[in-house]
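For reference, structure.cif is printed below; it contains mmCIF, C-alpha atoms.
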```
data_entry
#
loop_
_atom_site.label_atom_id
_atom_site.label_comp_id
_atom_site.auth_asym_id
_atom_site.auth_seq_id
_atom_site.Cartn_x
_atom_site.Cartn_y
_atom_site.Cartn_z
CA MET A 1 -7.83 19.49 9.94
CA THR A 2 -9.70 17.13 7.64
CA ASP A 3 -8.19 17.51 4.17
CA PRO A 4 -5.37 15.08 3.33
CA LYS A 5 -2.72 17.76 2.75
CA THR A 6 -3.41 19.41 6.10
CA ILE A 7 -3.35 16.08 7.93
CA ALA A 8 -0.04 15.16 6.28
CA ASP A 9 1.55 18.55 6.95
CA ARG A 10 0.59 18.55 10.62
CA TYR A 11 1.66 14.95 11.04
CA LEU A 12 5.10 15.62 9.57
CA ALA A 13 5.39 18.85 11.58
CA ALA A 14 4.98 16.78 14.74
CA TRP A 15 7.83 14.52 13.65
CA ASN A 16 9.98 17.53 12.74
CA GLU A 17 9.25 19.49 15.93
CA PRO A 18 12.56 19.82 17.83
CA ASP A 19 10.89 20.63 21.17
CA ASP A 20 9.54 17.58 22.99
CA HIS A 21 7.06 19.59 25.04
CA ALA A 22 5.61 21.28 21.97
CA ARG A 23 5.27 17.88 20.27
CA ARG A 24 3.40 16.43 23.25
CA GLN A 25 1.04 19.40 23.21
CA GLN A 26 0.39 18.90 19.50
CA LEU A 27 -0.19 15.16 19.82
CA GLY A 28 -2.50 15.73 22.78
CA ARG A 29 -4.54 18.08 20.63
CA ASP A 30 -4.47 16.39 17.21
CA TRP A 31 -4.42 12.70 18.10
CA SER A 32 -7.06 10.49 19.71
CA PRO A 33 -6.37 9.38 23.30
CA GLU A 34 -6.53 5.79 21.99
CA ALA A 35 -4.27 6.46 19.00
CA ARG A 36 -2.10 3.62 17.74
CA TYR A 37 1.01 3.77 15.56
CA ALA A 38 2.82 0.87 13.89
CA ASP A 39 5.45 0.70 11.16
CA PRO A 40 8.06 -1.98 10.38
CA LEU A 41 10.52 -0.50 12.90
CA MET A 42 8.49 0.81 15.83
CA ALA A 43 5.10 1.03 17.49
CA GLY A 44 3.41 3.25 20.04
CA THR A 45 0.08 3.71 21.79
CA GLY A 46 -1.59 6.93 22.95
CA PRO A 47 -0.31 10.46 22.33
CA ASP A 48 2.29 10.24 25.10
CA GLY A 49 3.55 6.81 24.07
CA ILE A 50 3.74 7.90 20.45
CA ALA A 51 5.55 11.13 21.42
CA THR A 52 8.14 9.05 23.29
CA MET A 53 8.49 6.80 20.26
CA ILE A 54 9.01 9.80 17.93
CA GLU A 55 11.61 11.30 20.26
CA ALA A 56 13.53 8.02 20.30
CA ALA A 57 13.38 7.81 16.50
CA ARG A 58 14.50 11.43 16.10
CA SER A 59 17.50 10.81 18.37
CA GLN A 60 18.74 8.26 15.84
CA PHE A 61 18.73 10.83 13.02
CA PRO A 62 20.11 14.10 14.42
CA GLY A 63 19.91 16.97 11.93
CA HIS A 64 17.48 15.10 9.70
CA GLY A 65 13.98 16.15 8.72
CA PHE A 66 10.87 14.64 7.16
CA THR A 67 9.50 16.10 3.92
CA LEU A 68 6.19 15.36 2.21
CA ALA A 69 6.64 13.49 -1.11
CA GLY A 70 3.92 13.71 -3.75
CA ASP A 71 0.31 14.58 -3.12
CA PRO A 72 -1.60 13.20 -0.13
CA ASP A 73 -4.87 11.51 -0.96
CA GLY A 74 -7.69 10.09 1.05
CA HIS A 75 -11.31 8.97 1.30
CA GLY A 76 -13.72 8.76 4.17
CA ALA A 77 -11.72 8.58 7.39
CA PHE A 78 -8.48 7.62 5.62
CA VAL A 79 -5.50 9.61 4.44
CA ARG A 80 -2.40 8.39 2.59
CA PHE A 81 0.83 10.28 2.04
CA SER A 82 4.48 9.59 1.35
CA TRP A 83 7.56 11.20 2.87
CA THR A 84 11.32 11.24 2.73
CA LEU A 85 13.89 11.57 5.50
CA ALA A 86 17.00 13.60 4.73
CA PRO A 87 19.77 15.48 6.50
CA GLN A 88 19.46 19.24 6.16
CA GLY A 89 20.42 20.12 2.60
CA GLY A 90 21.23 16.50 1.79
CA ALA A 91 19.83 13.62 -0.20
CA PRO A 92 17.12 11.40 1.29
CA VAL A 93 18.31 8.48 3.39
CA GLY A 94 14.88 6.88 3.53
CA GLY A 95 11.22 7.23 2.83
CA GLY A 96 7.86 5.71 3.41
CA THR A 97 4.12 5.85 3.03
CA ASP A 98 1.77 6.30 5.96
CA ILE A 99 -1.92 5.45 6.15
CA VAL A 100 -3.85 7.49 8.68
CA ARG A 101 -7.28 6.75 10.11
CA LEU A 102 -9.13 9.72 11.62
CA ASP A 103 -11.67 9.45 14.42
CA ASP A 104 -15.09 11.09 14.24
CA GLN A 105 -13.57 14.31 15.60
CA GLY A 106 -10.95 14.43 12.86
CA ARG A 107 -8.14 13.42 15.20
CA ILE A 108 -5.54 10.82 14.23
CA ALA A 109 -6.75 7.48 15.60
CA GLU A 110 -4.30 5.18 13.82
CA VAL A 111 -1.19 5.31 11.68
CA ILE A 112 -0.03 2.31 9.64
CA GLY A 113 3.41 3.07 8.25
CA PHE A 114 5.36 1.37 5.49
CA LEU A 115 8.91 1.92 4.27
CA ASP A 116 9.37 2.59 0.56
CA GLY A 117 12.18 1.88 -1.80
CA ALA A 118 11.34 -1.77 -2.52
CA PRO A 119 10.29 -2.62 -6.10
CA GLY A 120 6.79 -1.42 -6.78
CA HIS A 121 6.91 1.17 -4.02
CA ALA A 122 9.59 3.52 -5.31
CA MET B 1 -1.84 -17.57 4.74
CA THR B 2 0.30 -15.11 6.64
CA ASP B 3 3.05 -13.97 4.31
CA PRO B 4 2.36 -10.79 2.31
CA LYS B 5 2.67 -12.43 -1.11
CA THR B 6 0.21 -15.20 -0.22
CA ILE B 7 -2.28 -12.72 1.24
CA ALA B 8 -2.06 -10.55 -1.88
CA ASP B 9 -2.37 -13.49 -4.27
CA ARG B 10 -5.42 -14.91 -2.52
CA TYR B 11 -7.01 -11.49 -2.25
CA LEU B 12 -6.63 -10.80 -5.96
CA ALA B 13 -7.79 -14.35 -6.78
CA ALA B 14 -11.05 -13.55 -4.97
CA TRP B 15 -11.50 -10.45 -7.13
CA ASN B 16 -10.66 -12.41 -10.28
CA GLU B 17 -12.88 -15.41 -9.48
CA PRO B 18 -15.60 -15.54 -12.16
CA ASP B 19 -17.92 -17.75 -10.09
CA ASP B 20 -19.88 -15.87 -7.45
CA HIS B 21 -20.48 -18.96 -5.33
CA ALA B 22 -16.78 -19.85 -5.28
CA ARG B 23 -15.94 -16.28 -4.29
CA ARG B 24 -18.39 -16.37 -1.38
CA GLN B 25 -16.88 -19.61 -0.19
CA GLN B 26 -13.41 -18.12 -0.32
CA LEU B 27 -14.41 -14.95 1.48
CA GLY B 28 -16.22 -16.96 4.13
CA ARG B 29 -13.04 -18.92 4.73
CA ASP B 30 -10.32 -16.25 4.39
CA TRP B 31 -12.05 -13.15 5.74
CA SER B 32 -13.20 -12.28 9.26
CA PRO B 33 -16.98 -12.26 9.87
CA GLU B 34 -16.57 -8.58 10.85
CA ALA B 35 -14.41 -7.69 7.83
CA ARG B 36 -14.61 -4.16 6.46
CA TYR B 37 -13.60 -2.86 3.03
CA ALA B 38 -13.34 0.77 1.91
CA ASP B 39 -11.72 2.43 -1.08
CA PRO B 40 -12.50 5.75 -2.80
CA LEU B 41 -15.25 4.18 -4.92
CA MET B 42 -16.97 1.54 -2.78
CA ALA B 43 -17.33 0.01 0.65
CA GLY B 44 -18.60 -3.25 2.09
CA THR B 45 -19.00 -5.03 5.41
CA GLY B 46 -18.77 -8.74 6.19
CA PRO B 47 -17.78 -11.49 3.73
CA ASP B 48 -21.22 -11.55 2.09
CA GLY B 49 -21.48 -7.77 1.80
CA ILE B 50 -17.98 -7.56 0.39
CA ALA B 51 -18.69 -10.39 -2.07
CA THR B 52 -21.74 -8.47 -3.31
CA MET B 53 -19.59 -5.35 -3.65
CA ILE B 54 -16.93 -7.23 -5.63
CA GLU B 55 -19.56 -8.73 -7.95
CA ALA B 56 -20.98 -5.27 -8.63
CA ALA B 57 -17.52 -3.89 -9.35
CA ARG B 58 -16.65 -6.82 -11.64
CA SER B 59 -19.83 -6.27 -13.62
CA GLN B 60 -18.53 -2.82 -14.56
CA PHE B 61 -15.34 -4.27 -16.05
CA PRO B 62 -16.28 -7.39 -18.02
CA GLY B 63 -13.26 -9.26 -19.35
CA HIS B 64 -10.87 -7.42 -17.07
CA GLY B 65 -8.60 -8.90 -14.43
CA PHE B 66 -6.51 -7.76 -11.49
CA THR B 67 -2.74 -8.39 -11.48
CA LEU B 68 -0.29 -7.94 -8.63
CA ALA B 69 2.17 -5.07 -9.23
CA GLY B 70 5.51 -5.07 -7.46
CA ASP B 71 6.32 -6.92 -4.26
CA PRO B 72 3.85 -7.07 -1.37
CA ASP B 73 5.29 -6.04 1.99
CA GLY B 74 4.00 -6.05 5.52
CA HIS B 75 4.68 -5.97 9.23
CA GLY B 76 2.78 -7.28 12.21
CA ALA B 77 -0.86 -7.67 11.20
CA PHE B 78 -0.52 -5.45 8.12
CA VAL B 79 0.08 -6.19 4.45
CA ARG B 80 0.47 -3.73 1.57
CA PHE B 81 0.39 -4.51 -2.12
CA SER B 82 -0.33 -2.78 -5.42
CA TRP B 83 -2.32 -4.02 -8.38
CA THR B 84 -3.40 -3.11 -11.87
CA LEU B 85 -6.69 -3.71 -13.66
CA ALA B 86 -6.51 -4.57 -17.35
CA PRO B 87 -8.60 -6.20 -20.07
CA GLN B 88 -7.30 -9.62 -21.07
CA GLY B 89 -4.11 -9.05 -23.09
CA GLY B 90 -4.50 -5.28 -22.86
CA ALA B 91 -2.89 -2.34 -21.13
CA PRO B 92 -3.91 -1.42 -17.58
CA VAL B 93 -6.91 0.87 -17.23
CA GLY B 94 -6.32 1.48 -13.55
CA GLY B 95 -4.39 0.51 -10.48
CA GLY B 96 -4.22 0.92 -6.77
CA THR B 97 -2.61 0.02 -3.48
CA ASP B 98 -4.44 -1.89 -0.76
CA ILE B 99 -3.62 -2.05 2.93
CA VAL B 100 -4.84 -5.22 4.65
CA ARG B 101 -5.20 -5.80 8.36
CA LEU B 102 -5.30 -9.45 9.47
CA ASP B 103 -7.09 -10.70 12.55
CA ASP B 104 -5.42 -12.97 15.10
CA GLN B 105 -6.42 -16.00 13.01
CA GLY B 106 -4.72 -14.60 9.91
CA ARG B 107 -8.03 -13.77 8.24
CA ILE B 108 -8.58 -10.46 6.45
CA ALA B 109 -10.24 -8.11 8.95
CA GLU B 110 -9.96 -4.85 7.03
CA VAL B 111 -8.96 -3.55 3.62
CA ILE B 112 -8.18 0.14 3.05
CA GLY B 113 -7.83 0.71 -0.67
CA PHE B 114 -6.34 3.63 -2.58
CA LEU B 115 -6.24 4.36 -6.30
CA ASP B 116 -2.83 5.04 -7.83
CA GLY B 117 -1.73 7.13 -10.73
CA ALA B 118 -1.61 10.47 -8.97
CA PRO B 119 1.82 12.11 -8.56
CA GLY B 120 3.83 10.42 -5.85
CA HIS B 121 1.82 7.23 -6.11
CA ALA B 122 2.78 6.06 -9.59
#
```
Output the file's structure as structure tokens, nothing else.
Amino acid sequence: MTDPKTIADRYLAAWNEPDDHARRQQLGRDWSPEARYADPLMAGTGPDGIATMIEAARSQFPGHGFTLAGDPDGHGAFVRFSWTLAPQGGAPVGGGTDIVRLDDQGRIAEVIGFLDGAPGHA
Amino acid sequence: MTDPKTIADRYLAAWNEPDDHARRQQLGRDWSPEARYADPLMAGTGPDGIATMIEAARSQFPGHGFTLAGDPDGHGAFVRFSWTLAPQGGAPVGGGTDIVRLDDQGRIAEVIGFLDGAPGHA
């Protein structure tokens, strides 16, 4: 779980997972116990707190899913990837770019999220 | 020094500063003593270490300068902005996106840099 594409795919799979219990299992396995998440709209701490945050966010977009946009890249402990949010079969309603920091075990220790669409970040 | 545009402008001014002593003064003032910098090509720690890193990088691109691209954005302690590197009056030879974390005094505590140009990060 250390190449950027794998990190991005598993991260988005956690957001797309419809079953809350399965998501908590995944976050408990793939994320650091001290993990932190922050984007312009929400924040969470620890796998359980972040799972609760994701579930709240998902409830605001029923029937929507996250899709990887472009090619993830990274260096050292850092990974960057972009995504879009769209209803099933529909056009994207939003998108963003996330920066992930991995811990020394390759688990997600931090996510810094940004929303795209503004000039210069199309 | 807390809005994204100001952070980005001052950051790029430090990279563009031709005088090493002036750069070290600026980094000593605007960056945390524990500041860390990492991008795909280089890394540095502390204002002095990062100043040395910048001077080494500048020496590889004589006559070039960094220009802000697009609109910086941010949330909480984080700022994101993109830049291009070009010779004076010439076309860009490179570009990237930097993520900055500020400390509780508004100083730069961390920079995570990425190079742009790959698909999805134009």
Please superimpose chain B on chain A using every C-alpha atom, paired by order, in a least-squares fit, and write the moved chain as a PDB file with C-alpha atoms, in the coordinates of the input.
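Result saved to superposed-v1.pdb:
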```
ATOM      1  CA  MET B   1      -7.847  19.495   9.923  1.00  0.00           C
ATOM      2  CA  THR B   2      -9.691  17.135   7.628  1.00  0.00           C
ATOM      3  CA  ASP B   3      -8.173  17.493   4.184  1.00  0.00           C
ATOM      4  CA  PRO B   4      -5.359  15.060   3.316  1.00  0.00           C
ATOM      5  CA  LYS B   5      -2.719  17.740   2.739  1.00  0.00           C
ATOM      6  CA  THR B   6      -3.401  19.409   6.096  1.00  0.00           C
ATOM      7  CA  ILE B   7      -3.341  16.076   7.931  1.00  0.00           C
ATOM      8  CA  ALA B   8      -0.037  15.146   6.285  1.00  0.00           C
ATOM      9  CA  ASP B   9       1.549  18.538   6.941  1.00  0.00           C
ATOM     10  CA  ARG B  10       0.593  18.552  10.610  1.00  0.00           C
ATOM     11  CA  TYR B  11       1.677  14.955  11.034  1.00  0.00           C
ATOM     12  CA  LEU B  12       5.116  15.609   9.575  1.00  0.00           C
ATOM     13  CA  ALA B  13       5.394  18.852  11.582  1.00  0.00           C
ATOM     14  CA  ALA B  14       4.981  16.763  14.745  1.00  0.00           C
ATOM     15  CA  TRP B  15       7.844  14.513  13.645  1.00  0.00           C
ATOM     16  CA  ASN B  16       9.989  17.524  12.750  1.00  0.00           C
ATOM     17  CA  GLU B  17       9.257  19.490  15.939  1.00  0.00           C
ATOM     18  CA  PRO B  18      12.559  19.830  17.831  1.00  0.00           C
ATOM     19  CA  ASP B  19      10.885  20.638  21.162  1.00  0.00           C
ATOM     20  CA  ASP B  20       9.550  17.599  22.987  1.00  0.00           C
ATOM     21  CA  HIS B  21       7.065  19.605  25.037  1.00  0.00           C
ATOM     22  CA  ALA B  22       5.611  21.280  21.944  1.00  0.00           C
ATOM     23  CA  ARG B  23       5.286  17.888  20.265  1.00  0.00           C
ATOM     24  CA  ARG B  24       3.391  16.452  23.236  1.00  0.00           C
ATOM     25  CA  GLN B  25       1.039  19.395  23.178  1.00  0.00           C
ATOM     26  CA  GLN B  26       0.393  18.893  19.489  1.00  0.00           C
ATOM     27  CA  LEU B  27      -0.175  15.170  19.819  1.00  0.00           C
ATOM     28  CA  GLY B  28      -2.497  15.728  22.757  1.00  0.00           C
ATOM     29  CA  ARG B  29      -4.542  18.084  20.616  1.00  0.00           C
ATOM     30  CA  ASP B  30      -4.471  16.391  17.185  1.00  0.00           C
ATOM     31  CA  TRP B  31      -4.408  12.705  18.099  1.00  0.00           C
ATOM     32  CA  SER B  32      -7.052  10.499  19.716  1.00  0.00           C
ATOM     33  CA  PRO B  33      -6.385   9.389  23.319  1.00  0.00           C
ATOM     34  CA  GLU B  34      -6.535   5.798  21.997  1.00  0.00           C
ATOM     35  CA  ALA B  35      -4.255   6.468  19.009  1.00  0.00           C
ATOM     36  CA  ARG B  36      -2.093   3.628  17.730  1.00  0.00           C
ATOM     37  CA  TYR B  37       1.033   3.782  15.566  1.00  0.00           C
ATOM     38  CA  ALA B  38       2.841   0.878  13.894  1.00  0.00           C
ATOM     39  CA  ASP B  39       5.453   0.705  11.161  1.00  0.00           C
ATOM     40  CA  PRO B  40       8.073  -1.967  10.397  1.00  0.00           C
ATOM     41  CA  LEU B  41      10.528  -0.495  12.913  1.00  0.00           C
ATOM     42  CA  MET B  42       8.493   0.826  15.850  1.00  0.00           C
ATOM     43  CA  ALA B  43       5.103   1.037  17.492  1.00  0.00           C
ATOM     44  CA  GLY B  44       3.416   3.259  20.047  1.00  0.00           C
ATOM     45  CA  THR B  45       0.079   3.724  21.781  1.00  0.00           C
ATOM     46  CA  GLY B  46      -1.595   6.927  22.948  1.00  0.00           C
ATOM     47  CA  PRO B  47      -0.320  10.475  22.334  1.00  0.00           C
ATOM     48  CA  ASP B  48       2.279  10.245  25.113  1.00  0.00           C
ATOM     49  CA  GLY B  49       3.532   6.813  24.068  1.00  0.00           C
ATOM     50  CA  ILE B  50       3.742   7.904  20.456  1.00  0.00           C
ATOM     51  CA  ALA B  51       5.548  11.123  21.426  1.00  0.00           C
ATOM     52  CA  THR B  52       8.128   9.041  23.307  1.00  0.00           C
ATOM     53  CA  MET B  53       8.490   6.801  20.254  1.00  0.00           C
ATOM     54  CA  ILE B  54       8.995   9.792  17.946  1.00  0.00           C
ATOM     55  CA  GLU B  55      11.610  11.293  20.282  1.00  0.00           C
ATOM     56  CA  ALA B  56      13.519   8.005  20.309  1.00  0.00           C
ATOM     57  CA  ALA B  57      13.390   7.792  16.523  1.00  0.00           C
ATOM     58  CA  ARG B  58      14.506  11.422  16.118  1.00  0.00           C
ATOM     59  CA  SER B  59      17.477  10.804  18.381  1.00  0.00           C
ATOM     60  CA  GLN B  60      18.742   8.253  15.857  1.00  0.00           C
ATOM     61  CA  PHE B  61      18.730  10.818  13.043  1.00  0.00           C
ATOM     62  CA  PRO B  62      20.092  14.090  14.434  1.00  0.00           C
ATOM     63  CA  GLY B  63      19.887  16.948  11.949  1.00  0.00           C
ATOM     64  CA  HIS B  64      17.467  15.092   9.714  1.00  0.00           C
ATOM     65  CA  GLY B  65      13.963  16.134   8.742  1.00  0.00           C
ATOM     66  CA  PHE B  66      10.867  14.636   7.165  1.00  0.00           C
ATOM     67  CA  THR B  67       9.490  16.103   3.915  1.00  0.00           C
ATOM     68  CA  LEU B  68       6.196  15.351   2.209  1.00  0.00           C
ATOM     69  CA  ALA B  69       6.636  13.497  -1.111  1.00  0.00           C
ATOM     70  CA  GLY B  70       3.936  13.716  -3.747  1.00  0.00           C
ATOM     71  CA  ASP B  71       0.302  14.571  -3.129  1.00  0.00           C
ATOM     72  CA  PRO B  72      -1.582  13.191  -0.125  1.00  0.00           C
ATOM     73  CA  ASP B  73      -4.878  11.504  -0.970  1.00  0.00           C
ATOM     74  CA  GLY B  74      -7.696  10.069   1.060  1.00  0.00           C
ATOM     75  CA  HIS B  75     -11.294   8.960   1.300  1.00  0.00           C
ATOM     76  CA  GLY B  76     -13.722   8.749   4.176  1.00  0.00           C
ATOM     77  CA  ALA B  77     -11.714   8.571   7.394  1.00  0.00           C
ATOM     78  CA  PHE B  78      -8.473   7.610   5.632  1.00  0.00           C
ATOM     79  CA  VAL B  79      -5.483   9.615   4.441  1.00  0.00           C
ATOM     80  CA  ARG B  80      -2.384   8.382   2.604  1.00  0.00           C
ATOM     81  CA  PHE B  81       0.834  10.268   2.044  1.00  0.00           C
ATOM     82  CA  SER B  82       4.502   9.577   1.357  1.00  0.00           C
ATOM     83  CA  TRP B  83       7.559  11.197   2.870  1.00  0.00           C
ATOM     84  CA  THR B  84      11.321  11.233   2.731  1.00  0.00           C
ATOM     85  CA  LEU B  85      13.880  11.582   5.510  1.00  0.00           C
ATOM     86  CA  ALA B  86      16.996  13.603   4.737  1.00  0.00           C
ATOM     87  CA  PRO B  87      19.772  15.480   6.524  1.00  0.00           C
ATOM     88  CA  GLN B  88      19.451  19.244   6.191  1.00  0.00           C
ATOM     89  CA  GLY B  89      20.406  20.129   2.601  1.00  0.00           C
ATOM     90  CA  GLY B  90      21.222  16.507   1.804  1.00  0.00           C
ATOM     91  CA  ALA B  91      19.820  13.636  -0.201  1.00  0.00           C
ATOM     92  CA  PRO B  92      17.119  11.406   1.288  1.00  0.00           C
ATOM     93  CA  VAL B  93      18.315   8.484   3.386  1.00  0.00           C
ATOM     94  CA  GLY B  94      14.900   6.878   3.531  1.00  0.00           C
ATOM     95  CA  GLY B  95      11.233   7.233   2.809  1.00  0.00           C
ATOM     96  CA  GLY B  96       7.879   5.701   3.410  1.00  0.00           C
ATOM     97  CA  THR B  97       4.131   5.845   3.012  1.00  0.00           C
ATOM     98  CA  ASP B  98       1.775   6.285   5.954  1.00  0.00           C
ATOM     99  CA  ILE B  99      -1.907   5.435   6.138  1.00  0.00           C
ATOM    100  CA  VAL B 100      -3.845   7.496   8.685  1.00  0.00           C
ATOM    101  CA  ARG B 101      -7.265   6.746  10.090  1.00  0.00           C
ATOM    102  CA  LEU B 102      -9.121   9.709  11.619  1.00  0.00           C
ATOM    103  CA  ASP B 103     -11.661   9.437  14.399  1.00  0.00           C
ATOM    104  CA  ASP B 104     -15.078  11.090  14.208  1.00  0.00           C
ATOM    105  CA  GLN B 105     -13.565  14.304  15.596  1.00  0.00           C
ATOM    106  CA  GLY B 106     -10.941  14.424  12.847  1.00  0.00           C
ATOM    107  CA  ARG B 107      -8.144  13.418  15.213  1.00  0.00           C
ATOM    108  CA  ILE B 108      -5.537  10.832  14.226  1.00  0.00           C
ATOM    109  CA  ALA B 109      -6.728   7.479  15.591  1.00  0.00           C
ATOM    110  CA  GLU B 110      -4.282   5.177  13.828  1.00  0.00           C
ATOM    111  CA  VAL B 111      -1.172   5.323  11.677  1.00  0.00           C
ATOM    112  CA  ILE B 112      -0.020   2.310   9.642  1.00  0.00           C
ATOM    113  CA  GLY B 113       3.409   3.070   8.247  1.00  0.00           C
ATOM    114  CA  PHE B 114       5.375   1.363   5.487  1.00  0.00           C
ATOM    115  CA  LEU B 115       8.923   1.918   4.270  1.00  0.00           C
ATOM    116  CA  ASP B 116       9.385   2.596   0.560  1.00  0.00           C
ATOM    117  CA  GLY B 117      12.184   1.877  -1.813  1.00  0.00           C
ATOM    118  CA  ALA B 118      11.332  -1.724  -2.574  1.00  0.00           C
ATOM    119  CA  PRO B 119      10.240  -2.547  -6.145  1.00  0.00           C
ATOM    120  CA  GLY B 120       6.705  -1.396  -6.795  1.00  0.00           C
ATOM    121  CA  HIS B 121       6.831   1.135  -3.992  1.00  0.00           C
ATOM    122  CA  ALA B 122       9.428   3.557  -5.329  1.00  0.00           C
TER     123      ALA B 122
END
```
Check: Pick from B:Thr6, B:Ile112, B:Leu12, B:Ala57: nearest to Thr84 of chain B, with only C-alpha atoms counted?
Finding: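 Nearest candidate to Thr84 of chain B out of B:Thr6, B:Ile112, B:Leu12, B:Ala57: B:Leu12.
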Next item on the list: Work out how far apart atom CA of Val111 of chain A and atom CA of Ala38 of chain A are and give it in Å to one decimal.
Entry: 6.4 Å
Which chain A residues have any atom within 10 Å of an atom of chain B, and for each, what is the nearest pair of atoms with distance in Å to one decimal, counting all atoms listed in the file, rows sorted by chain and number, as CSV?
```
residue,atom,partner,partner_atom,distance
A:Ala38,CA,B:Gly76,CA,8.3
A:Asp39,CA,B:His75,CA,7.0
A:Pro40,CA,B:His75,CA,5.4
A:Leu41,CA,B:His75,CA,8.8
A:Leu68,CA,B:Gly120,CA,9.7
A:Ala69,CA,B:Gly120,CA,6.3
A:Gly70,CA,B:Gly120,CA,3.9
A:Asp71,CA,B:Gly120,CA,6.1
A:Pro72,CA,B:Gly120,CA,8.4
A:Asp73,CA,B:Phe114,CA,8.2
A:Gly74,CA,B:Phe114,CA,7.5
A:His75,CA,B:Pro40,CA,5.3
A:Gly76,CA,B:Pro40,CA,7.7
A:Ala77,CA,B:Ala38,CA,9.7
A:Phe78,CA,B:Ile112,CA,7.9
A:Val79,CA,B:Phe114,CA,9.3
A:Arg80,CA,B:Phe114,CA,8.1
A:Phe81,CA,B:Gly120,CA,8.4
A:Ser82,CA,B:Gly120,CA,7.3
A:Trp83,CA,B:Gly120,CA,9.5
A:Thr97,CA,B:His121,CA,9.5
A:Ile99,CA,B:Ile99,CA,8.3
A:Arg101,CA,B:Ile112,CA,9.7
A:Ile112,CA,B:Phe78,CA,7.9
A:Gly113,CA,B:His75,CA,9.2
A:Phe114,CA,B:Gly74,CA,7.5
A:Leu115,CA,B:Asp73,CA,9.0
A:Asp116,CA,B:Asp73,CA,9.7
A:Ala118,CA,B:Asp71,CA,7.4
A:Pro119,CA,B:Gly70,CA,5.5
A:Gly120,CA,B:Gly70,CA,3.9
A:His121,CA,B:Gly70,CA,7.3
A:Ala122,CA,B:Ala122,CA,8.4
```
Item checked: Shell around His64 of chain A at 8 Å using all atoms listed in the file, local window under 4 positions removed, as an MDAnalysis selection string -> chainID A and resid 58 85:88
Result set, the PyMOL selection byres ((chain A and resi 108) around 7) on current file, as a short mmCIF file (atom, residue, chain, number, x, y, z; two decimals) with C-alpha atoms, in the frame of the given file:
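Generated file (part-v4.cif):
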```cif
data_model
loop_
_atom_site.label_atom_id
_atom_site.label_comp_id
_atom_site.auth_asym_id
_atom_site.auth_seq_id
_atom_site.Cartn_x
_atom_site.Cartn_y
_atom_site.Cartn_z
CA ASP A 30 -4.47 16.39 17.21
CA TRP A 31 -4.42 12.70 18.10
CA SER A 32 -7.06 10.49 19.71
CA ALA A 35 -4.27 6.46 19.00
CA VAL A 100 -3.85 7.49 8.68
CA ARG A 101 -7.28 6.75 10.11
CA LEU A 102 -9.13 9.72 11.62
CA ASP A 103 -11.67 9.45 14.42
CA GLY A 106 -10.95 14.43 12.86
CA ARG A 107 -8.14 13.42 15.20
CA ALA A 109 -6.75 7.48 15.60
CA GLU A 110 -4.30 5.18 13.82
#
```
Checklist line | Point-to-point distance in Å for atom CA of Pro47 of chain A and atom CA of Leu27 of chain A | finding: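 Value for the atom CA of Leu27 of chain A-atom CA of Pro47 of chain A distance: 5.3 Å.
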Next item on the list: In the coordinates of the file, take the point (-3.0, 2.7, 24.1) and a cut-off of 10 Å; then, counting only C-alpha atoms, name each qualifying protein, DNA or RNA residue as number ranges by chain.
Entry: A: 32-37, 44-50
